[in-house]
Amino acid sequence: MSSIESYPLLCTRGAVMFPMQELAIEVGRKYSVDAVNYCLKNQSQIVIVSQKDLTVNDPTPEDLYEVGTLCTIKNSRKNYDHLKVIFSGVKRCFIKKHFVQDDVNFVEIEEMESFTSDELEIEVLTKKALLEFNNIAQKYARPGFPLKQNTVFDQVFASIMVDTFAQIYVKELNIKQKFLEENNVNKRLYMMLDQIDKEHKLYDIEQELNEKVKSTIEEGQRDYYLREKLKAIKDELGGEGVSDIDDLRKLVDENPYPDNVKQKAYDEFKHYEMLPPATGETGVIRSYLEWLLFTPWYQKSEDNNDLEKASQILDEDHYGLVKVKERILEYLAVKQMTNSLKSPIICLVGPPGVGKTSLAKSVARALDRKFVKISLGGVRDEAEIRGHRRTYLGSMPGRIIQGMKRAGTTNPVFLIDEIDKMASDYKGDPSSAMLEVLDPEQNNMFSDHYLEEPYDLSDVLFICTANYRDNIPPALLDRLEIIELSSYTEEEKLNIANKHLIKKQLEANGLNDKQITFNDEILTYLIRHYTREAGVRQLERTIGNLCRKSVLAILKQKKRSIKINKKLVNTWLGHEIFEYGTKEKKDEVGVVTGLAYTSFGGDILQIEVNYFEGKGNLVVTGQLGDVMVESAKIALDYIKANAIKYDINPEFFDKHDIHIHVPEGAVPKDGPSAGVTLTTAIVSSLTNRPAKKDLAMTGEVTLRGNVLPIGGLKEKSLAAHRSGIKTIVIPKGNIKDLDDVPDTVKNEVKFIPVEKVDQVFKEALY
């Protein structure tokens, strides 16, 4: 070896540079570009060495081989964000040391001199290697090694020939490196002859395989050539190299898929096997086949036909909800009697927290079916339901097929949550796509754009949930069997807390029923003063809060058990949040109690009316919606038309402004059911007749003074009862809805049905 010199370093991935050879390399890594630029600026040579692991992006000295090639830069050209450089090899070199200087990687090297161990042997080996080199080149139709006149078969010629062969024909990186690291030219020639022998054998095997393939196919079947060749290769390898596609083909052969699915799979197998392995389309086809074959087509679970057991499970999981439980048991009974039944599309409509989602889970448990859920809140793209076509990059099936794959059976209980919160935009209308899912007459041929094969959803028990019936798209509403879940009564909340919520929170916080005690009195106190809701979510959170504080007290204060009382609740949760019974304290003129139906159940609201000198204007405040503003105008116009009847001077309206206000102005309010309340409040104010403080009312009013029926009577009645109201005036058309009102409310509240507003005035005003 010669003296030690320092040069910039360039490390390559998968390329080995040889002396007296030229190689074009694209240089993109920053430190590599810096090294090349340094050489160009200083007219320096550069050391090229290959890294051992091609996947390493920032190799350390340990990741590089110790032998490289000292090179000169013959040409350099910038191409976008990288350099295209042609290097010319000079000499082999051994790397002694790595260091960094001016942000450029440098190495100290010793040049390696080639030598021969036998001058006579090298001449014989060189001639033989040259002959074999040209033979293999002829077989593969590639350029051979040229032989000039007066060629001397010495060490220099042999070294150049071997390096040329290694550069062109040797593919494995580690073998190329061995050629580079070997100083003895005789040994390099033996290595070359060994590699040429392997190339001859590989060529012969390939020719033999080609002959086998050609002998098995007929004229005109050229499209099967590659597949038959692949089979022959696998036979030669003794069955090795079996791909996951073979597993999928076996899956199709051994399972009862529908005929159209099998045919589709076989077509995709054929297409896959005709493609080169490295193309991106193979991954797309494999992904499609996995979705197609792992989506359930024939797998079906057995339903539980034991009506008693199903009823017991439903009662265990939920208190009340009689109508829903009856509907599920009816479904089971009819299915058992007929042995076949198209699954109904049930839609549970009710305010948040009343148990719609948990009820769907209980139905799945009662039927002994798989349960799967999707939420449609905020979904705008039709492809969320139907999937993307396979022409799109990253396409997938829609949520329906994804849910079926998760379920693994063709007859799960499928919960579609928040169906009233779908939206639409330029990407399509998802509610229209849901029609094919939720229409029993056509969901046996549901079309997903990704699968491209019709899918049978008729065995699926779909359960939808919604907060507002009016927000469900009309076309979907027509296909749904609506079951209303109304607000819980105080008694129902108490039972739910005792049977479910306390037990759930004790388990969640590591407590047992001996360490913390809730009695009915304290639960009622929590319901009345710390929650105001239709369901029980806030109640569960409140109980959980008390449980957590109890755990802290038990561990910190070394207490064995804690009994929850009002004093403890006030200390831990703060002062009462809600006032139970918010009716008026006394009878007042121009203030009437109305009833409202919100997303959180029923509520009461006071409507105030005042008048003052003006020009006959109507002022409405309290964030009222268009419908309530119209009701106010109708109420005032009715009173104007009947002013003499109610002892009001008709000229009064020309000289006075009337102001209607609904308190809690930050909360938007709307709906037609405040019509009679607005009318009564105006008459009370203009005639100076006080309204009864313990009476509430609801109903829509017309210009002729008729009182029309409204919705949500149960929720409104519960709100009135909760607030201490003793009398409720309702439209006569709502008498039928009193069957839904709990007996506890009907026993303590008097309901007065009316047809005309005159009857309302008679009952409500003194």
# chains A, B, ... in the order shown; residues from 1 in each chain; ligands from 1
$ closest_atom_pairs --of "segment 429-454 of chain A" --to "segment 474-498 of chain A" --cutoff "9 Å" --atoms "only C-alpha atoms" --output "tab-separated table"
residue	atom	partner	partner_atom	distance
A:Ser431	CA	A:Leu476	CA	7.3
A:Ser432	CA	A:Ala475	CA	8.0
A:Met434	CA	A:Leu476	CA	7.6
A:Leu435	CA	A:Leu476	CA	6.2
A:Leu438	CA	A:Arg479	CA	6.5
A:Asp439	CA	A:Arg479	CA	5.7
A:Pro440	CA	A:Arg479	CA	7.8
$ select_by_dssp --residues "segment 356-424 of chain A" --states "alpha helix (DSSP H)" --output "PDB file with C-alpha atoms, in the first residue's frame"
ATOM      1  CA  LYS A 356     -81.111   4.841  22.003  1.00  0.00           C
ATOM      2  CA  THR A 357     -77.595   3.545  21.308  1.00  0.00           C
ATOM      3  CA  SER A 358     -77.405   1.278  24.354  1.00  0.00           C
ATOM      4  CA  LEU A 359     -80.831  -0.129  23.455  1.00  0.00           C
ATOM      5  CA  ALA A 360     -79.495  -1.170  20.025  1.00  0.00           C
ATOM      6  CA  LYS A 361     -76.655  -3.031  21.758  1.00  0.00           C
ATOM      7  CA  SER A 362     -79.184  -4.778  23.990  1.00  0.00           C
ATOM      8  CA  VAL A 363     -81.194  -5.822  20.936  1.00  0.00           C
ATOM      9  CA  ALA A 364     -78.058  -7.420  19.466  1.00  0.00           C
ATOM     10  CA  ARG A 365     -77.438  -9.251  22.752  1.00  0.00           C
ATOM     11  CA  ALA A 366     -81.045 -10.388  22.950  1.00  0.00           C
ATOM     12  CA  LEU A 367     -80.955 -11.711  19.373  1.00  0.00           C
ATOM     13  CA  ALA A 383     -68.896   7.964  -1.310  1.00  0.00           C
ATOM     14  CA  GLU A 384     -68.979   7.544   2.494  1.00  0.00           C
ATOM     15  CA  ILE A 385     -72.013   5.308   1.917  1.00  0.00           C
ATOM     16  CA  ARG A 386     -71.379   3.785  -1.527  1.00  0.00           C
ATOM     17  CA  ARG A 399     -69.135   2.611   5.557  1.00  0.00           C
ATOM     18  CA  ILE A 400     -71.866   0.024   5.054  1.00  0.00           C
ATOM     19  CA  ILE A 401     -69.529  -2.609   3.567  1.00  0.00           C
ATOM     20  CA  GLN A 402     -66.819  -1.686   6.082  1.00  0.00           C
ATOM     21  CA  GLY A 403     -69.316  -2.314   8.871  1.00  0.00           C
ATOM     22  CA  MET A 404     -70.365  -5.655   7.378  1.00  0.00           C
ATOM     23  CA  LYS A 405     -66.716  -6.738   7.206  1.00  0.00           C
ATOM     24  CA  ARG A 406     -66.239  -5.818  10.879  1.00  0.00           C
ATOM     25  CA  ALA A 407     -69.356  -7.787  11.812  1.00  0.00           C
TER      26      ALA A 407
END
$ residues_around --residues "Ile196 of chain A" --least-positions-apart "4" --cutoff "12 Å" --atoms "only C-alpha atoms" --output "list of chain:residue names"
A:Lys128, A:Ala129, A:Leu130, A:Leu131, A:Glu132, A:Phe133, A:Asn134, A:Asn135, A:Ile136, A:Ala137, A:Lys139, A:Val162, A:Phe165, A:Ala166, A:Ile168, A:Tyr169, A:Val170, A:Leu189, A:Tyr190, A:Met191, A:Met192, A:His200, A:Lys201, A:Leu202, A:Tyr203
$ write_last_selection --atoms "N, CA and C atoms" --output "PDB file, in the first residue's frame"
ATOM      1  N   LYS A 128      -8.748 -17.960 -20.943  1.00  0.00           N
ATOM      2  CA  LYS A 128      -9.966 -18.756 -20.707  1.00  0.00           C
ATOM      3  C   LYS A 128     -11.129 -17.855 -20.274  1.00  0.00           C
ATOM      4  N   ALA A 129     -10.870 -16.929 -19.360  1.00  0.00           N
ATOM      5  CA  ALA A 129     -11.918 -16.021 -18.882  1.00  0.00           C
ATOM      6  C   ALA A 129     -12.449 -15.142 -20.002  1.00  0.00           C
ATOM      7  N   LEU A 130     -11.520 -14.671 -20.916  1.00  0.00           N
ATOM      8  CA  LEU A 130     -11.943 -13.834 -22.034  1.00  0.00           C
ATOM      9  C   LEU A 130     -12.879 -14.602 -22.956  1.00  0.00           C
ATOM     10  N   LEU A 131     -12.542 -15.886 -23.230  1.00  0.00           N
ATOM     11  CA  LEU A 131     -13.384 -16.713 -24.085  1.00  0.00           C
ATOM     12  C   LEU A 131     -14.773 -16.899 -23.465  1.00  0.00           C
ATOM     13  N   GLU A 132     -14.796 -17.209 -22.171  1.00  0.00           N
ATOM     14  CA  GLU A 132     -16.086 -17.416 -21.498  1.00  0.00           C
ATOM     15  C   GLU A 132     -16.894 -16.121 -21.419  1.00  0.00           C
ATOM     16  N   PHE A 133     -16.177 -15.022 -21.219  1.00  0.00           N
ATOM     17  CA  PHE A 133     -16.843 -13.717 -21.155  1.00  0.00           C
ATOM     18  C   PHE A 133     -17.603 -13.462 -22.455  1.00  0.00           C
ATOM     19  N   ASN A 134     -16.949 -13.652 -23.572  1.00  0.00           N
ATOM     20  CA  ASN A 134     -17.578 -13.384 -24.869  1.00  0.00           C
ATOM     21  C   ASN A 134     -18.687 -14.389 -25.179  1.00  0.00           C
ATOM     22  N   ASN A 135     -18.539 -15.650 -24.678  1.00  0.00           N
ATOM     23  CA  ASN A 135     -19.600 -16.648 -24.884  1.00  0.00           C
ATOM     24  C   ASN A 135     -20.883 -16.255 -24.157  1.00  0.00           C
ATOM     25  N   ILE A 136     -20.724 -15.863 -22.894  1.00  0.00           N
ATOM     26  CA  ILE A 136     -21.924 -15.493 -22.123  1.00  0.00           C
ATOM     27  C   ILE A 136     -22.558 -14.222 -22.673  1.00  0.00           C
ATOM     28  N   ALA A 137     -21.712 -13.316 -23.178  1.00  0.00           N
ATOM     29  CA  ALA A 137     -22.234 -12.093 -23.785  1.00  0.00           C
ATOM     30  C   ALA A 137     -23.039 -12.411 -25.030  1.00  0.00           C
ATOM     31  N   LYS A 139     -24.629 -15.279 -25.599  1.00  0.00           N
ATOM     32  CA  LYS A 139     -25.883 -15.927 -25.194  1.00  0.00           C
ATOM     33  C   LYS A 139     -26.953 -14.892 -24.836  1.00  0.00           C
ATOM     34  N   VAL A 162     -11.626  -8.272 -15.633  1.00  0.00           N
ATOM     35  CA  VAL A 162     -12.408  -8.771 -14.492  1.00  0.00           C
ATOM     36  C   VAL A 162     -13.297  -7.670 -13.929  1.00  0.00           C
ATOM     37  N   PHE A 165     -16.280  -7.152 -16.154  1.00  0.00           N
ATOM     38  CA  PHE A 165     -17.257  -8.218 -15.958  1.00  0.00           C
ATOM     39  C   PHE A 165     -18.054  -8.000 -14.662  1.00  0.00           C
ATOM     40  N   ALA A 166     -17.352  -7.697 -13.589  1.00  0.00           N
ATOM     41  CA  ALA A 166     -18.030  -7.508 -12.302  1.00  0.00           C
ATOM     42  C   ALA A 166     -19.002  -6.341 -12.361  1.00  0.00           C
ATOM     43  N   ILE A 168     -20.662  -5.267 -15.020  1.00  0.00           N
ATOM     44  CA  ILE A 168     -21.808  -5.501 -15.907  1.00  0.00           C
ATOM     45  C   ILE A 168     -22.669  -6.682 -15.459  1.00  0.00           C
ATOM     46  N   TYR A 169     -22.015  -7.810 -15.105  1.00  0.00           N
ATOM     47  CA  TYR A 169     -22.764  -9.051 -14.942  1.00  0.00           C
ATOM     48  C   TYR A 169     -23.096  -9.412 -13.491  1.00  0.00           C
ATOM     49  N   VAL A 170     -22.321  -8.957 -12.547  1.00  0.00           N
ATOM     50  CA  VAL A 170     -22.575  -9.342 -11.147  1.00  0.00           C
ATOM     51  C   VAL A 170     -23.652  -8.420 -10.571  1.00  0.00           C
ATOM     52  N   LEU A 189      -9.589 -13.693 -11.178  1.00  0.00           N
ATOM     53  CA  LEU A 189      -9.915 -14.450 -12.395  1.00  0.00           C
ATOM     54  C   LEU A 189     -10.674 -15.730 -12.059  1.00  0.00           C
ATOM     55  N   TYR A 190     -10.242 -16.409 -10.990  1.00  0.00           N
ATOM     56  CA  TYR A 190     -10.982 -17.605 -10.569  1.00  0.00           C
ATOM     57  C   TYR A 190     -12.414 -17.245 -10.155  1.00  0.00           C
ATOM     58  N   MET A 191     -12.547 -16.127  -9.458  1.00  0.00           N
ATOM     59  CA  MET A 191     -13.890 -15.671  -9.055  1.00  0.00           C
ATOM     60  C   MET A 191     -14.743 -15.379 -10.289  1.00  0.00           C
ATOM     61  N   MET A 192     -14.131 -14.788 -11.308  1.00  0.00           N
ATOM     62  CA  MET A 192     -14.854 -14.467 -12.542  1.00  0.00           C
ATOM     63  C   MET A 192     -15.324 -15.737 -13.242  1.00  0.00           C
ATOM     64  N   HIS A 200     -23.973 -19.426 -16.911  1.00  0.00           N
ATOM     65  CA  HIS A 200     -24.301 -20.461 -17.904  1.00  0.00           C
ATOM     66  C   HIS A 200     -25.409 -21.370 -17.388  1.00  0.00           C
ATOM     67  N   LYS A 201     -25.320 -21.773 -16.116  1.00  0.00           N
ATOM     68  CA  LYS A 201     -26.323 -22.673 -15.545  1.00  0.00           C
ATOM     69  C   LYS A 201     -27.690 -21.990 -15.463  1.00  0.00           C
ATOM     70  N   LEU A 202     -27.694 -20.728 -15.046  1.00  0.00           N
ATOM     71  CA  LEU A 202     -28.959 -19.997 -14.971  1.00  0.00           C
ATOM     72  C   LEU A 202     -29.590 -19.854 -16.348  1.00  0.00           C
ATOM     73  N   TYR A 203     -28.765 -19.593 -17.344  1.00  0.00           N
ATOM     74  CA  TYR A 203     -29.275 -19.464 -18.712  1.00  0.00           C
ATOM     75  C   TYR A 203     -29.887 -20.778 -19.180  1.00  0.00           C
TER      76      TYR A 203
END
$ select_by_dssp --residues "segment 605-659 of chain A" --states "strand (DSSP E)" --output "ChimeraX atom specification"
/A:605-613,618-621,656-659
$ closest_residue --among "A:Pro753, A:Pro8, A:Pro731, A:Pro59" --to "Phe99 of chain A" --atoms "only C-alpha atoms"
A:Pro8
$ residues_around --residues "segment 323-326 of chain A" --least-positions-apart "4" --cutoff "8 Å" --atoms "only C-alpha atoms" --output "JSON, numbers by chain"
{"A": [311, 314, 330, 483]}
$ residues_around --residues "Glu62 of chain A" --least-positions-apart "5" --cutoff "12 Å" --atoms "only C-alpha atoms" --output "number ranges by chain"
A: 50-53, 56, 95, 97-98
$ write_last_selection --atoms "all heavy atoms" --output "short mmCIF file (atom, residue, chain, number, x, y, z; two decimals), in the first residue's frame"
data_model
loop_
_atom_site.label_atom_id
_atom_site.label_comp_id
_atom_site.auth_asym_id
_atom_site.auth_seq_id
_atom_site.Cartn_x
_atom_site.Cartn_y
_atom_site.Cartn_z
N SER A 50 -19.46 1.89 -1.04
CA SER A 50 -20.86 1.46 -0.97
C SER A 50 -21.25 1.19 0.48
O SER A 50 -20.43 0.76 1.29
CB SER A 50 -21.08 0.20 -1.80
OG SER A 50 -22.42 -0.20 -1.77
N GLN A 51 -22.55 1.48 0.81
CA GLN A 51 -23.05 1.17 2.15
C GLN A 51 -23.61 -0.25 2.18
O GLN A 51 -24.13 -0.76 1.19
CB GLN A 51 -24.10 2.19 2.59
CG GLN A 51 -25.35 2.26 1.75
CD GLN A 51 -26.24 3.43 2.14
OE1 GLN A 51 -25.85 4.59 2.02
NE2 GLN A 51 -27.43 3.12 2.65
N LYS A 52 -23.54 -0.87 3.37
CA LYS A 52 -23.92 -2.28 3.50
C LYS A 52 -25.43 -2.47 3.41
O LYS A 52 -25.91 -3.40 2.77
CB LYS A 52 -23.39 -2.83 4.83
CG LYS A 52 -21.88 -2.75 4.97
CD LYS A 52 -21.44 -3.14 6.38
CE LYS A 52 -19.93 -2.95 6.56
NZ LYS A 52 -19.51 -3.24 7.95
N ASP A 53 -26.19 -1.61 4.10
CA ASP A 53 -27.65 -1.72 4.13
C ASP A 53 -28.24 -0.61 3.28
O ASP A 53 -28.07 0.58 3.57
CB ASP A 53 -28.14 -1.63 5.58
CG ASP A 53 -29.64 -1.90 5.70
OD1 ASP A 53 -30.32 -1.99 4.66
OD2 ASP A 53 -30.13 -2.02 6.83
N VAL A 56 -30.65 2.34 4.87
CA VAL A 56 -30.17 3.38 5.79
C VAL A 56 -30.01 4.69 5.02
O VAL A 56 -29.29 4.75 4.02
CB VAL A 56 -28.83 2.96 6.43
CG1 VAL A 56 -28.30 4.09 7.32
CG2 VAL A 56 -29.01 1.68 7.23
N ILE A 95 -9.91 2.39 3.44
CA ILE A 95 -10.25 3.56 4.26
C ILE A 95 -9.69 3.37 5.67
O ILE A 95 -10.01 2.40 6.36
CB ILE A 95 -11.78 3.76 4.32
CG1 ILE A 95 -12.31 4.05 2.91
CG2 ILE A 95 -12.15 4.89 5.27
CD1 ILE A 95 -13.81 4.10 2.81
N LYS A 97 -9.56 6.16 8.07
CA LYS A 97 -10.17 7.03 9.07
C LYS A 97 -11.24 7.91 8.41
O LYS A 97 -11.09 8.33 7.26
CB LYS A 97 -9.08 7.92 9.69
CG LYS A 97 -9.58 8.87 10.77
CD LYS A 97 -8.42 9.73 11.29
CE LYS A 97 -8.93 10.76 12.29
NZ LYS A 97 -7.84 11.63 12.79
N HIS A 98 -12.32 8.19 9.17
CA HIS A 98 -13.38 9.11 8.74
C HIS A 98 -13.29 10.39 9.56
O HIS A 98 -13.08 10.34 10.78
CB HIS A 98 -14.76 8.50 8.94
CG HIS A 98 -15.06 7.34 8.04
ND1 HIS A 98 -15.86 7.45 6.92
CD2 HIS A 98 -14.67 6.04 8.10
CE1 HIS A 98 -15.95 6.28 6.33
NE2 HIS A 98 -15.24 5.39 7.03
#
$ residues_around --residues "Thr410 of chain A" --least-positions-apart "2" --cutoff "7 Å" --atoms "only C-alpha atoms" --output "JSON, numbers by chain"
{"A": [296, 297, 298, 299, 300, 412, 459, 460]}
$ write_last_selection --atoms "C-alpha atoms" --output "JSON list (two decimals), in the first residue's frame"
[["chain", "number", "residue", "atom", "x", "y", "z"],
["A", 296, "PRO", "CA", -69.23, -11.83, 4.60],
["A", 297, "TRP", "CA", -71.27, -13.37, 1.76],
["A", 298, "TYR", "CA", -72.43, -16.66, 3.27],
["A", 299, "GLN", "CA", -71.51, -16.46, 6.98],
["A", 300, "LYS", "CA", -74.66, -16.20, 9.11],
["A", 412, "PRO", "CA", -75.75, -8.38, 12.28],
["A", 459, "ASP", "CA", -80.92, -10.06, 6.60],
["A", 460, "VAL", "CA", -79.44, -7.11, 8.47]]
$ residues_around --residues "Thr72 of chain A" --least-positions-apart "3" --cutoff "10 Å" --atoms "only C-alpha atoms" --output "PyMOL selection string"
chain A and resi 22+39-40+43-48+69+75+86-90
$ write_last_selection --atoms "all heavy atoms" --output "CSV table (one decimal), in the first residue's frame"
chain,number,residue,atom,x,y,z
A,22,GLU,N,-16.3,3.6,-15.9
A,22,GLU,CA,-17.1,4.8,-15.7
A,22,GLU,C,-18.5,4.5,-15.2
A,22,GLU,O,-19.0,3.5,-15.7
A,22,GLU,CB,-17.2,5.6,-17.1
A,22,GLU,CG,-15.8,6.2,-17.5
A,22,GLU,CD,-16.0,7.1,-18.7
A,22,GLU,OE1,-17.1,7.1,-19.3
A,22,GLU,OE2,-15.0,7.7,-19.1
A,39,CYS,N,-15.2,18.8,-4.6
A,39,CYS,CA,-14.3,18.3,-5.5
A,39,CYS,C,-14.2,19.2,-6.8
A,39,CYS,O,-13.2,19.4,-7.4
A,39,CYS,CB,-14.6,16.9,-5.9
A,39,CYS,SG,-14.4,15.7,-4.5
A,40,LEU,N,-15.4,19.6,-7.3
A,40,LEU,CA,-15.5,20.4,-8.5
A,40,LEU,C,-14.8,21.8,-8.2
A,40,LEU,O,-14.1,22.3,-9.1
A,40,LEU,CB,-16.9,20.7,-8.9
A,40,LEU,CG,-17.7,19.4,-9.4
A,40,LEU,CD1,-19.2,19.7,-9.6
A,40,LEU,CD2,-17.1,18.9,-10.7
A,43,GLN,N,-11.0,20.9,-7.6
A,43,GLN,CA,-10.4,20.0,-8.6
A,43,GLN,C,-9.7,18.8,-7.9
A,43,GLN,O,-8.6,18.4,-8.2
A,43,GLN,CB,-9.3,20.7,-9.5
A,43,GLN,CG,-10.0,21.8,-10.4
A,43,GLN,CD,-9.0,22.4,-11.3
A,43,GLN,OE1,-7.7,22.3,-11.1
A,43,GLN,NE2,-9.4,23.1,-12.3
A,44,SER,N,-10.5,18.3,-7.0
A,44,SER,CA,-10.0,17.2,-6.1
A,44,SER,C,-10.6,15.9,-6.6
A,44,SER,O,-11.6,15.8,-7.3
A,44,SER,CB,-10.3,17.4,-4.7
A,44,SER,OG,-10.1,16.3,-3.9
A,45,GLN,N,-9.9,14.8,-6.3
A,45,GLN,CA,-10.5,13.4,-6.5
A,45,GLN,C,-11.4,13.1,-5.3
A,45,GLN,O,-11.4,13.8,-4.3
A,45,GLN,CB,-9.3,12.4,-6.6
A,45,GLN,CG,-8.5,12.5,-7.9
A,45,GLN,CD,-7.4,11.5,-8.0
A,45,GLN,OE1,-6.6,11.4,-7.0
A,45,GLN,NE2,-7.3,10.8,-9.1
A,46,ILE,N,-12.2,12.0,-5.5
A,46,ILE,CA,-13.2,11.7,-4.5
A,46,ILE,C,-13.2,10.2,-4.3
A,46,ILE,O,-12.8,9.4,-5.2
A,46,ILE,CB,-14.6,12.1,-4.9
A,46,ILE,CG1,-15.6,12.0,-3.8
A,46,ILE,CG2,-15.1,11.4,-6.2
A,46,ILE,CD1,-16.9,12.7,-4.1
A,47,VAL,N,-13.5,9.7,-3.1
A,47,VAL,CA,-13.5,8.3,-2.8
A,47,VAL,C,-15.0,7.8,-2.7
A,47,VAL,O,-15.8,8.4,-2.1
A,47,VAL,CB,-12.9,8.0,-1.4
A,47,VAL,CG1,-13.1,6.5,-1.0
A,47,VAL,CG2,-11.4,8.3,-1.4
A,48,ILE,N,-15.3,6.8,-3.6
A,48,ILE,CA,-16.6,6.2,-3.6
A,48,ILE,C,-16.6,4.9,-2.9
A,48,ILE,O,-15.8,4.0,-3.2
A,48,ILE,CB,-17.1,6.1,-5.0
A,48,ILE,CG1,-17.3,7.5,-5.7
A,48,ILE,CG2,-18.5,5.4,-5.1
A,48,ILE,CD1,-17.8,7.4,-7.1
A,69,THR,N,-13.2,3.0,-4.0
A,69,THR,CA,-12.4,3.4,-5.2
A,69,THR,C,-12.2,4.8,-5.2
A,69,THR,O,-13.1,5.7,-5.1
A,69,THR,CB,-13.2,2.9,-6.5
A,69,THR,OG1,-13.6,1.5,-6.3
A,69,THR,CG2,-12.4,3.1,-7.7
A,75,ASN,N,-17.8,14.4,-15.5
A,75,ASN,CA,-18.8,15.3,-16.0
A,75,ASN,C,-19.8,15.4,-14.9
A,75,ASN,O,-20.1,14.5,-14.1
A,75,ASN,CB,-19.5,14.7,-17.2
A,75,ASN,CG,-20.4,15.8,-17.9
A,75,ASN,OD1,-20.4,16.9,-17.5
A,75,ASN,ND2,-21.2,15.3,-18.8
A,86,ILE,N,-20.9,11.8,-13.7
A,86,ILE,CA,-20.2,10.6,-14.3
A,86,ILE,C,-18.8,10.6,-13.6
A,86,ILE,O,-18.0,11.5,-13.7
A,86,ILE,CB,-20.1,10.8,-15.8
A,86,ILE,CG1,-21.5,10.8,-16.5
A,86,ILE,CG2,-19.2,9.6,-16.4
A,86,ILE,CD1,-21.4,11.0,-18.0
A,87,PHE,N,-18.5,9.4,-13.0
A,87,PHE,CA,-17.3,9.2,-12.3
A,87,PHE,C,-16.4,8.2,-13.1
A,87,PHE,O,-16.9,7.3,-13.8
A,87,PHE,CB,-17.5,8.6,-10.9
A,87,PHE,CG,-18.2,9.5,-10.0
A,87,PHE,CD1,-19.6,9.4,-9.8
A,87,PHE,CD2,-17.6,10.5,-9.2
A,87,PHE,CE1,-20.3,10.2,-9.0
A,87,PHE,CE2,-18.3,11.3,-8.4
A,87,PHE,CZ,-19.7,11.2,-8.2
A,88,SER,N,-15.1,8.4,-13.0
A,88,SER,CA,-14.2,7.5,-13.6
A,88,SER,C,-13.2,6.9,-12.5
A,88,SER,O,-12.6,7.7,-11.8
A,88,SER,CB,-13.3,8.3,-14.7
A,88,SER,OG,-12.4,7.4,-15.3
A,89,GLY,N,-13.2,5.6,-12.4
A,89,GLY,CA,-12.4,4.9,-11.4
A,89,GLY,C,-10.9,5.0,-11.6
A,89,GLY,O,-10.5,4.9,-12.8
A,90,VAL,N,-10.2,5.2,-10.6
A,90,VAL,CA,-8.7,5.3,-10.7
A,90,VAL,C,-8.0,4.1,-10.0
A,90,VAL,O,-7.3,3.3,-10.7
A,90,VAL,CB,-8.2,6.6,-10.1
A,90,VAL,CG1,-6.7,6.7,-10.2
A,90,VAL,CG2,-8.8,7.8,-10.8
$ atom_distance --atom1 "atom CA of Asn467 of chain A" --atom2 "atom CA of Val629 of chain A"
24.5 Å
$ closest_residue --among "A:Gly377, A:Gly28, A:Gly68, A:Pro258" --to "Val85 of chain A" --atoms "only C-alpha atoms"
A:Gly28
